$ cat my_file_4.txt   # compact mmCIF, C-alpha atoms (C1' of nucleotides)
# COMPACT_ATOMS: atom_id res chain seq x y z
CA MET A 1 -36.72 -45.63 137.77
CA THR A 2 -35.08 -49.04 138.12
CA GLU A 3 -38.58 -50.26 138.51
CA GLN A 4 -39.56 -48.73 135.18
CA LEU A 5 -36.50 -50.26 133.60
CA ASN A 6 -37.48 -53.69 134.84
CA ARG A 7 -40.97 -53.24 133.60
CA ILE A 8 -39.65 -52.47 130.15
CA LYS A 9 -37.19 -55.36 130.20
CA GLU A 10 -40.05 -57.62 131.09
CA ARG A 11 -42.09 -56.38 128.22
CA LEU A 12 -39.24 -56.98 125.79
CA LYS A 13 -38.76 -60.54 127.00
CA SER A 14 -42.45 -61.32 126.98
CA LYS A 15 -42.60 -60.49 123.28
CA GLY A 16 -39.53 -62.58 122.53
CA TYR A 17 -37.06 -59.74 122.05
CA LYS A 18 -33.58 -59.84 123.52
CA LEU A 19 -32.15 -57.33 125.90
CA THR A 20 -28.94 -56.33 124.18
CA PRO A 21 -26.54 -53.73 125.59
CA GLN A 22 -27.59 -51.36 122.82
CA ARG A 23 -31.21 -51.69 123.77
CA GLU A 24 -30.58 -51.36 127.46
CA THR A 25 -28.42 -48.27 127.03
CA THR A 26 -31.02 -46.66 124.81
CA ILE A 27 -33.75 -47.33 127.34
CA ARG A 28 -31.59 -45.90 130.13
CA VAL A 29 -30.99 -42.74 128.15
CA LEU A 30 -34.69 -42.34 127.54
CA LEU A 31 -35.46 -42.78 131.22
CA GLN A 32 -32.79 -40.28 132.18
CA HIS A 33 -34.30 -37.72 129.83
CA GLU A 34 -37.89 -38.40 130.63
CA LYS A 35 -38.78 -34.72 130.56
CA ASP A 36 -37.17 -33.94 127.22
CA HIS A 37 -38.50 -34.80 123.83
CA LEU A 38 -35.46 -36.30 122.24
CA SER A 39 -35.08 -36.75 118.51
CA ALA A 40 -33.55 -39.93 117.16
CA GLU A 41 -30.29 -38.09 116.61
CA GLU A 42 -30.21 -36.75 120.14
CA VAL A 43 -30.81 -40.23 121.50
CA PHE A 44 -28.05 -41.49 119.25
CA LEU A 45 -25.53 -38.96 120.55
CA LEU A 46 -26.42 -39.63 124.17
CA VAL A 47 -26.22 -43.38 123.74
CA LYS A 48 -22.93 -43.00 121.90
CA GLU A 49 -21.38 -41.45 125.01
CA GLN A 50 -21.91 -44.69 126.86
CA PHE A 51 -21.68 -47.03 123.92
CA PRO A 52 -19.50 -45.53 121.19
CA GLU A 53 -19.79 -48.37 118.67
CA ILE A 54 -23.53 -47.99 118.20
CA GLY A 55 -24.86 -46.89 114.81
CA MET A 56 -27.77 -44.66 113.93
CA ALA A 57 -29.66 -47.48 112.28
CA THR A 58 -29.69 -49.43 115.51
CA VAL A 59 -31.05 -46.47 117.41
CA TYR A 60 -33.83 -46.12 114.87
CA ARG A 61 -34.56 -49.81 115.15
CA VAL A 62 -34.64 -49.72 118.94
CA LEU A 63 -36.91 -46.69 118.90
CA ASP A 64 -39.27 -48.41 116.48
CA LEU A 65 -39.30 -51.42 118.74
CA LEU A 66 -40.06 -49.35 121.81
CA THR A 67 -42.82 -47.58 119.95
CA GLU A 68 -44.33 -50.92 119.04
CA LEU A 69 -44.14 -51.98 122.69
CA HIS A 70 -45.82 -48.73 123.73
CA VAL A 71 -42.85 -47.75 125.84
CA VAL A 72 -42.44 -44.53 123.95
CA GLN A 73 -44.64 -42.58 121.64
CA LYS A 74 -43.45 -41.04 118.42
CA VAL A 75 -44.51 -37.43 118.22
CA ASN A 76 -43.94 -34.73 115.72
CA PHE A 77 -43.78 -31.07 116.58
CA GLY A 78 -43.32 -29.90 113.04
CA ASP A 79 -39.56 -29.47 113.06
CA GLY A 80 -38.67 -32.09 110.53
CA ALA A 81 -37.60 -34.72 113.02
CA ALA A 82 -39.67 -37.25 114.94
CA ARG A 83 -39.35 -37.08 118.70
CA PHE A 84 -39.87 -39.75 121.28
CA ASP A 85 -41.84 -39.36 124.43
CA LEU A 86 -41.65 -41.82 127.26
CA ARG A 87 -45.12 -42.99 128.15
CA GLN A 88 -46.41 -42.91 131.67
CA ALA A 89 -45.98 -46.05 133.70
CA ASN A 90 -49.41 -47.54 134.24
CA SER A 91 -51.48 -44.72 133.02
CA PRO A 92 -53.36 -44.58 129.75
CA HIS A 93 -53.04 -40.81 129.65
CA LEU A 94 -50.40 -39.06 127.70
CA HIS A 95 -49.33 -35.62 128.64
CA HIS A 96 -50.22 -32.67 126.51
CA HIS A 97 -47.92 -30.03 125.09
CA LEU A 98 -47.71 -26.28 125.00
CA ILE A 99 -45.53 -25.50 122.02
CA CYS A 100 -44.23 -21.96 121.72
CA THR A 101 -44.10 -20.88 118.11
CA GLU A 102 -41.57 -18.15 118.92
CA CYS A 103 -38.84 -19.98 120.81
CA GLY A 104 -39.81 -23.57 120.07
CA ASN A 105 -39.91 -24.47 123.72
CA VAL A 106 -42.22 -27.31 124.68
CA GLU A 107 -43.88 -27.42 128.06
CA GLU A 108 -45.78 -30.39 129.32
CA ILE A 109 -49.04 -30.41 131.13
CA MET A 110 -50.20 -33.49 132.88
CA ASP A 111 -53.82 -32.77 133.45
CA ASP A 112 -56.14 -35.49 132.50
CA TRP A 113 -58.75 -33.78 130.48
CA LEU A 114 -59.67 -36.13 127.75
CA LEU A 115 -61.08 -39.25 129.30
CA PRO A 116 -64.67 -38.01 129.13
CA LEU A 117 -64.13 -37.12 125.49
CA GLU A 118 -62.72 -40.54 124.72
CA LYS A 119 -65.79 -42.16 126.21
CA ARG A 120 -67.97 -39.98 124.08
CA ILE A 121 -66.07 -40.85 120.93
CA GLU A 122 -66.43 -44.55 121.61
CA ARG A 123 -70.12 -44.08 122.08
CA GLU A 124 -70.94 -41.66 119.30
CA TYR A 125 -68.51 -42.72 116.60
CA GLY A 126 -67.91 -46.40 117.37
CA PHE A 127 -64.21 -45.64 117.39
CA THR A 128 -62.03 -47.43 119.93
CA VAL A 129 -59.49 -44.94 121.17
CA THR A 130 -56.07 -46.34 122.00
CA ASP A 131 -54.14 -43.09 122.08
CA HIS A 132 -54.62 -39.44 121.84
CA ARG A 133 -52.61 -36.41 121.34
CA LEU A 134 -53.33 -32.86 122.36
CA ASP A 135 -50.99 -30.01 121.59
CA PHE A 136 -51.47 -26.30 121.85
CA GLN A 137 -49.46 -23.84 119.85
CA GLY A 138 -49.05 -20.27 120.98
CA ILE A 139 -46.78 -17.82 122.72
CA CYS A 140 -45.21 -18.60 126.06
CA THR A 141 -44.93 -16.07 128.85
CA GLU A 142 -41.27 -15.23 128.23
CA CYS A 143 -41.74 -14.64 124.54
CA ARG A 144 -44.74 -12.46 125.11
CA VAL A 145 -42.67 -10.27 127.40
CA LYS A 146 -39.81 -10.13 124.89
CA GLU A 147 -42.21 -9.30 122.09
CA ARG A 148 -43.69 -6.45 124.08
CA ASP A 149 -40.25 -5.01 124.87
CA LYS A 150 -39.21 -5.23 121.24
CA ASN A 151 -42.32 -3.36 120.16
CA LYS A 152 -41.63 -0.70 122.70
CA ALA A 153 -38.09 -0.27 121.33
CA ASN A 154 -39.39 -0.09 117.76
CA ASN A 155 -41.91 2.54 118.61
CA LYS A 156 -39.23 4.59 120.29
CA CYS A 157 -37.06 4.44 117.15
CA LYS A 158 -39.94 5.44 114.94
CA ALA A 159 -40.62 8.36 117.20
CA VAL A 160 -37.00 9.49 116.95
CA SER A 161 -36.57 9.17 113.17
CA MET B 1 -66.83 -21.44 98.10
CA THR B 2 -66.27 -18.48 95.76
CA GLU B 3 -66.75 -16.44 98.87
CA GLN B 4 -63.97 -18.33 100.62
CA LEU B 5 -61.77 -17.89 97.59
CA ASN B 6 -62.30 -14.15 97.68
CA ARG B 7 -61.55 -14.03 101.34
CA ILE B 8 -58.24 -15.76 100.70
CA LYS B 9 -57.39 -13.54 97.74
CA GLU B 10 -58.05 -10.55 99.94
CA ARG B 11 -55.73 -11.86 102.57
CA LEU B 12 -52.96 -12.40 100.05
CA LYS B 13 -53.28 -8.89 98.71
CA SER B 14 -53.43 -7.32 102.14
CA LYS B 15 -50.05 -8.81 102.98
CA GLY B 16 -48.52 -7.67 99.72
CA TYR B 17 -48.49 -11.02 97.91
CA LYS B 18 -49.54 -11.41 94.33
CA LEU B 19 -52.28 -13.64 93.08
CA THR B 20 -50.54 -15.65 90.40
CA PRO B 21 -52.24 -18.40 88.39
CA GLN B 22 -50.19 -20.98 90.28
CA ARG B 23 -51.40 -19.66 93.59
CA GLU B 24 -55.00 -19.38 92.51
CA THR B 25 -55.06 -22.90 91.09
CA THR B 26 -53.53 -24.29 94.25
CA ILE B 27 -56.08 -22.55 96.40
CA ARG B 28 -58.90 -23.82 94.18
CA VAL B 29 -57.62 -27.37 94.52
CA LEU B 30 -57.49 -27.03 98.27
CA LEU B 31 -61.02 -25.70 98.40
CA GLN B 32 -62.27 -28.51 96.16
CA HIS B 33 -60.73 -31.07 98.47
CA GLU B 34 -61.71 -29.46 101.70
CA LYS B 35 -62.56 -32.78 103.30
CA ASP B 36 -59.34 -34.53 102.39
CA HIS B 37 -56.01 -34.11 104.00
CA LEU B 38 -53.82 -33.67 101.00
CA SER B 39 -50.08 -34.08 101.08
CA ALA B 40 -47.90 -31.67 99.16
CA GLU B 41 -47.46 -34.25 96.45
CA GLU B 42 -51.18 -34.86 96.13
CA VAL B 43 -51.75 -31.13 95.82
CA PHE B 44 -49.01 -31.00 93.22
CA LEU B 45 -50.59 -33.72 91.10
CA LEU B 46 -54.04 -32.15 91.29
CA VAL B 47 -52.75 -28.70 90.42
CA LYS B 48 -50.74 -30.18 87.56
CA GLU B 49 -53.96 -31.39 85.93
CA GLN B 50 -55.06 -27.80 85.53
CA PHE B 51 -51.66 -26.21 85.26
CA PRO B 52 -49.15 -28.67 83.84
CA GLU B 53 -46.09 -26.40 83.92
CA ILE B 54 -46.09 -26.04 87.68
CA GLY B 55 -43.20 -27.45 89.69
CA MET B 56 -43.12 -29.10 93.09
CA ALA B 57 -41.09 -26.28 94.60
CA THR B 58 -43.80 -23.80 93.75
CA VAL B 59 -46.42 -25.95 95.39
CA TYR B 60 -44.32 -26.16 98.53
CA ARG B 61 -43.84 -22.42 98.48
CA VAL B 62 -47.53 -21.74 98.02
CA LEU B 63 -48.39 -24.13 100.84
CA ASP B 64 -45.86 -22.43 103.11
CA LEU B 65 -47.38 -19.11 102.23
CA LEU B 66 -50.90 -20.29 102.92
CA THR B 67 -49.78 -21.73 106.23
CA GLU B 68 -48.29 -18.40 107.17
CA LEU B 69 -51.56 -16.71 106.24
CA HIS B 70 -53.48 -19.23 108.35
CA VAL B 71 -55.45 -20.38 105.36
CA VAL B 72 -54.30 -23.94 105.88
CA GLN B 73 -52.73 -25.76 108.74
CA LYS B 74 -49.84 -28.14 108.33
CA VAL B 75 -50.57 -31.38 110.12
CA ASN B 76 -48.69 -34.59 110.46
CA PHE B 77 -50.35 -37.93 110.92
CA GLY B 78 -47.14 -39.84 111.23
CA ASP B 79 -46.96 -41.19 107.69
CA GLY B 80 -43.81 -39.32 106.76
CA ALA B 81 -45.49 -36.56 104.78
CA ALA B 82 -46.96 -33.29 105.95
CA ARG B 83 -50.60 -32.77 105.12
CA PHE B 84 -52.54 -29.61 104.71
CA ASP B 85 -55.86 -28.91 106.26
CA LEU B 86 -58.06 -26.04 105.18
CA ARG B 87 -58.99 -23.99 108.18
CA GLN B 88 -62.55 -23.06 108.92
CA ALA B 89 -63.80 -19.78 107.59
CA ASN B 90 -64.39 -17.47 110.51
CA SER B 91 -64.01 -19.94 113.27
CA PRO B 92 -61.09 -20.24 115.61
CA HIS B 93 -61.78 -23.94 116.07
CA LEU B 94 -59.99 -26.58 114.16
CA HIS B 95 -61.52 -29.94 113.68
CA HIS B 96 -60.16 -32.96 115.42
CA HIS B 97 -59.18 -36.28 113.91
CA LEU B 98 -59.92 -39.91 114.48
CA ILE B 99 -57.01 -41.77 112.93
CA CYS B 100 -57.40 -45.48 112.45
CA THR B 101 -54.10 -47.24 113.03
CA GLU B 102 -55.25 -50.27 111.02
CA CYS B 103 -56.45 -48.79 107.75
CA GLY B 104 -55.04 -45.29 108.06
CA ASN B 105 -58.39 -43.68 107.48
CA VAL B 106 -58.87 -40.25 108.99
CA GLU B 107 -62.27 -39.10 110.12
CA GLU B 108 -63.01 -35.58 111.20
CA ILE B 109 -65.06 -34.47 114.09
CA MET B 110 -66.16 -30.93 114.38
CA ASP B 111 -67.20 -30.68 117.97
CA ASP B 112 -65.89 -27.73 119.77
CA TRP B 113 -64.53 -29.16 122.95
CA LEU B 114 -61.41 -27.27 123.71
CA LEU B 115 -62.35 -23.66 124.22
CA PRO B 116 -62.76 -24.06 127.98
CA LEU B 117 -59.38 -25.77 128.13
CA GLU B 118 -57.74 -22.97 126.21
CA LYS B 119 -59.08 -20.44 128.64
CA ARG B 120 -57.72 -22.46 131.49
CA ILE B 121 -54.29 -22.70 129.90
CA GLU B 122 -54.14 -18.97 129.43
CA ARG B 123 -55.05 -18.49 133.03
CA GLU B 124 -52.98 -21.18 134.68
CA TYR B 125 -49.89 -21.25 132.49
CA GLY B 126 -49.74 -17.73 131.10
CA PHE B 127 -49.62 -19.29 127.65
CA THR B 128 -51.45 -17.55 124.81
CA VAL B 129 -53.01 -20.24 122.67
CA THR B 130 -53.19 -19.50 118.97
CA ASP B 131 -53.81 -23.02 117.73
CA HIS B 132 -54.48 -26.44 118.94
CA ARG B 133 -54.51 -29.90 117.69
CA LEU B 134 -56.36 -32.89 118.96
CA ASP B 135 -56.05 -36.30 117.38
CA PHE B 136 -57.19 -39.67 118.56
CA GLN B 137 -55.63 -42.87 117.39
CA GLY B 138 -57.48 -46.12 117.56
CA ILE B 139 -59.51 -48.64 115.62
CA CYS B 140 -62.44 -47.62 113.50
CA THR B 141 -65.69 -49.54 113.36
CA GLU B 142 -64.95 -51.29 110.06
CA CYS B 143 -61.53 -52.47 111.16
CA ARG B 144 -62.85 -53.76 114.42
CA VAL B 145 -65.38 -55.87 112.56
CA LYS B 146 -62.72 -57.16 110.16
CA GLU B 147 -60.42 -57.98 113.04
CA ARG B 148 -63.13 -59.94 114.78
CA ASP B 149 -63.89 -61.96 111.64
CA LYS B 150 -60.22 -62.71 111.11
CA ASN B 151 -59.89 -64.02 114.64
CA LYS B 152 -62.92 -66.20 114.14
CA ALA B 153 -61.36 -67.69 110.99
CA ASN B 154 -58.07 -68.34 112.75
CA ASN B 155 -59.73 -70.11 115.60
CA LYS B 156 -61.60 -72.31 113.17
CA CYS B 157 -58.32 -73.32 111.49
CA LYS B 158 -56.72 -74.12 114.81
CA ALA B 159 -59.67 -76.26 115.71
CA VAL B 160 -59.34 -78.25 112.46
CA SER B 161 -55.60 -78.88 112.58
C1' DA C 1 -26.61 -74.49 112.50
C1' DT C 2 -29.89 -71.21 113.03
C1' DC C 3 -31.56 -66.98 114.12
C1' DC C 4 -31.62 -62.44 116.01
C1' DG C 5 -29.45 -58.22 116.34
C1' DT C 6 -25.81 -55.10 114.73
C1' DG C 7 -22.79 -51.64 112.09
C1' DC C 8 -21.92 -49.69 107.91
C1' DA C 9 -22.93 -47.70 103.67
C1' DA C 10 -26.20 -46.99 100.21
C1' DA C 11 -30.67 -45.89 98.91
C1' DG C 12 -35.05 -43.67 99.71
C1' DT C 13 -38.30 -40.04 100.78
C1' DG C 14 -40.03 -35.62 101.63
C1' DT C 15 -38.61 -30.90 101.60
C1' DT C 16 -35.69 -26.77 100.80
C1' DT C 17 -32.49 -23.89 98.28
C1' DG C 18 -29.71 -21.52 94.54
C1' DC C 19 -30.14 -19.60 90.43
C1' DA C 20 -31.34 -17.95 85.91
C1' DG C 21 -35.32 -16.33 83.46
C1' DC C 22 -39.72 -13.91 83.09
C1' DG C 23 -43.50 -10.65 83.70
C1' DT C 24 -45.10 -6.49 86.35
C1' DT C 25 -44.64 -2.27 88.20
C1' DA D 1 -34.30 -1.06 86.49
C1' DA D 2 -36.01 -3.41 90.44
C1' DC D 3 -38.64 -6.86 92.26
C1' DG D 4 -41.57 -10.79 93.10
C1' DC D 5 -42.51 -15.28 91.45
C1' DT D 6 -41.40 -19.41 88.93
C1' DG D 7 -39.29 -23.92 87.17
C1' DC D 8 -35.53 -26.78 87.30
C1' DA D 9 -32.02 -29.29 89.37
C1' DA D 10 -29.15 -29.92 93.05
C1' DA D 11 -28.76 -30.13 97.85
C1' DC D 12 -30.54 -31.40 102.22
C1' DA D 13 -32.23 -33.78 106.36
C1' DC D 14 -34.28 -37.58 108.24
C1' DT D 15 -35.19 -42.39 107.94
C1' DT D 16 -35.04 -47.08 106.00
C1' DT D 17 -32.84 -50.97 103.80
C1' DG D 18 -29.43 -54.59 102.16
C1' DC D 19 -25.90 -57.14 103.57
C1' DA D 20 -22.20 -59.49 105.82
C1' DC D 21 -20.65 -60.39 110.35
C1' DG D 22 -20.92 -61.84 115.30
C1' DG D 23 -22.88 -63.82 119.35
C1' DA D 24 -26.37 -66.38 121.69
C1' DT D 25 -29.49 -70.43 121.70

$ encode --input "my_file_4.txt" --output "structure tokens"
Amino acid sequence: MTEQLNRIKERLKSKGYKLTPQRETTIRVLLQHEKDHLSAEEVFLLVKEQFPEIGMATVYRVLDLLTELHVVQKVNFGDGAARFDLRQANSPHLHHHLICTECGNVEEIMDDWLLPLEKRIEREYGFTVTDHRLDFQGICTECRVKERDKNKANNKCKAVS
Amino acid sequence: MTEQLNRIKERLKSKGYKLTPQRETTIRVLLQHEKDHLSAEEVFLLVKEQFPEIGMATVYRVLDLLTELHVVQKVNFGDGAARFDLRQANSPHLHHHLICTECGNVEEIMDDWLLPLEKRIEREYGFTVTDHRLDFQGICTECRVKERDKNKANNKCKAVS
DNA sequence: ATCCGTGCAAAGTGTTTGCAGCGTT
DNA sequence: AACGCTGCAAACACTTTGCACGGAT
């Protein structure tokens, strides 16, 4: 984790960007919430706890910067706000998402399924892949159970009335 | 194409929605631009040509409706605006996208690569997949050529100065 | 002295909502 | 008369921008 932080600091410096307290705090927050998919506003609130003077605009600027440096990836799950996903250390593979359309929960899966496909795309389409994104929408286990129970209840009511 | 239109009309009716001129025109526009990935505003402008009184809000409402009916899918390529993709007739498979980060061009590929993965997700994660989305970002052939030429030019200049 | 980075407020953009009016049923 | 659908304008949510200030080089 400190190692990751150093790696990122290095990358900032090597591109001529300064490591300001705002930037460092933002990076720390992102590392601490590696598993979440924070929106800009969520990042802002978390950073504000440690650095109350910061403004939204700065957070947006830092997030843009980190996107440019490939430290995070901007993703969009369809709820109005962009979210930011920390990228894996030395790996070219992003994780994929299982997005539940009932409860909005997002689960990550880390399997590495797409490399063969990327090779094929390079070959067949002449397209150099730098990134990919694979999301599945559907119903998670919990919601399927809930849904089933609800239906049962409804049927009971219908039977009574 | 008329066949598709009828299919969609049927689906509207079966869910108790009316087929108004606004809705029909919007659907026609979407069918005519099957290959594009129109934003709400682009749809609006195209519909307006045939139906000048229509308002943006109506277009948004129709697009929401069609999303709900699984006629289109809302996608987001990261350029701020949602785009709407006509879904394939009787096929559960969506197409995938090759998005060029240089010129913004979006190419579609229709291969059907993900069905085995979906099965595996159902089995291993207990997650019922209803939809998926697979996009690749990278550099398309044309941009790679341009990039190479530009670099050549730059190097020439450096050599001169 | 210059330049980069910041905070604030204002502006911008894409999207949603409230509401009165209209046409069907 | 009730209801679904519409157009308009206002509201909204997220993001970007202009600008003056401050700190580091």

$ closest_residue --input "my_file_4.txt" --among "B:Thr25, B:Thr67, B:Thr58, B:Thr2" --to "chain D" --atoms "all atoms listed in the file"
B:Thr58

$ residues_around --input "my_file_4.txt" --residues "range 113-127 of chain B" --least-positions-apart "6" --cutoff "6 Å" --atoms "all atoms listed in the file" --output "ChimeraX atom specification"
/A:139-141

$ residues_near_point --input "my_file_4.txt" --point "(-25.7, -61.4, 111.2)" --cutoff "10 Å" --atoms "only C-alpha atoms (C1' of nucleotides)" --output "compact mmCIF listing (two decimals) with C-alpha atoms (C1' of nucleotides), keeping the file's coordinate frame"
# COMPACT_ATOMS: atom_id res chain seq x y z
C1' DC C 3 -31.56 -66.98 114.12
C1' DC C 4 -31.62 -62.44 116.01
C1' DG C 5 -29.45 -58.22 116.34
C1' DT C 6 -25.81 -55.10 114.73
C1' DC D 19 -25.90 -57.14 103.57
C1' DA D 20 -22.20 -59.49 105.82
C1' DC D 21 -20.65 -60.39 110.35
C1' DG D 22 -20.92 -61.84 115.30
C1' DG D 23 -22.88 -63.82 119.35

$ residues_around --input "my_file_4.txt" --residues "His95 in chain B" --least-positions-apart "5" --cutoff "8 Å" --atoms "only C-alpha atoms (C1' of nucleotides)" --output "PyMOL selection string"
chain B and resi 108-112+134

$ write_last_selection --input "my_file_4.txt" --atoms "C-alpha atoms" --output "PDB file, keeping the file's coordinate frame"
ATOM      1  CA  GLU B 108     -63.010 -35.580 111.200  1.00  0.00           C
ATOM      2  CA  ILE B 109     -65.060 -34.470 114.090  1.00  0.00           C
ATOM      3  CA  MET B 110     -66.160 -30.930 114.380  1.00  0.00           C
ATOM      4  CA  ASP B 111     -67.200 -30.680 117.970  1.00  0.00           C
ATOM      5  CA  ASP B 112     -65.890 -27.730 119.770  1.00  0.00           C
ATOM      6  CA  LEU B 134     -56.360 -32.890 118.960  1.00  0.00           C
TER       7      LEU B 134
END

$ closest_residue --input "my_file_4.txt" --among "B:Lys74, B:Arg61, B:Lys9, B:Arg133" --to "chain D" --atoms "all atoms listed in the file"
B:Arg61

$ residues_near_point --input "my_file_4.txt" --point "(-28.1, -18.8, 90.9)" --cutoff "12 Å" --atoms "all atoms listed in the file" --output "count of residues only"
8

$ interface_residues --input "my_file_4.txt" --of "chain C" --to "chain B" --cutoff "9 Å" --atoms "only C-alpha atoms (C1' of nucleotides)" --output "VMD selection string"
chain C and resid 13 to 16

$ closest_residue --input "my_file_4.txt" --among "D:DA2, D:DT25, D:DT17, D:DG7" --to "DG12 in chain C" --atoms "only C-alpha atoms (C1' of nucleotides)"
D:DT17

$ closest_residue --input "my_file_4.txt" --among "A:Ile27, A:Leu86, A:Gly78, A:Asn105" --to "chain B" --atoms "only C-alpha atoms"
A:Gly78

$ atom_distance --input "my_file_4.txt" --atom1 "CA of Val43 in chain B" --atom2 "CA of Arg23 in chain B"
11.7 Å

$ interface_residues --input "my_file_4.txt" --of "chain D" --to "chain A" --cutoff "9 Å" --atoms "all atoms listed in the file" --output "number ranges by chain"
D: 13-16

$ atom_distance --input "my_file_4.txt" --atom1 "CA of His33 in chain A" --atom2 "CA of Val47 in chain A"
11.6 Å

$ atom_distance --input "my_file_4.txt" --atom1 "CA of Arg144 in chain A" --atom2 "CA of Thr128 in chain B"
8.4 Å
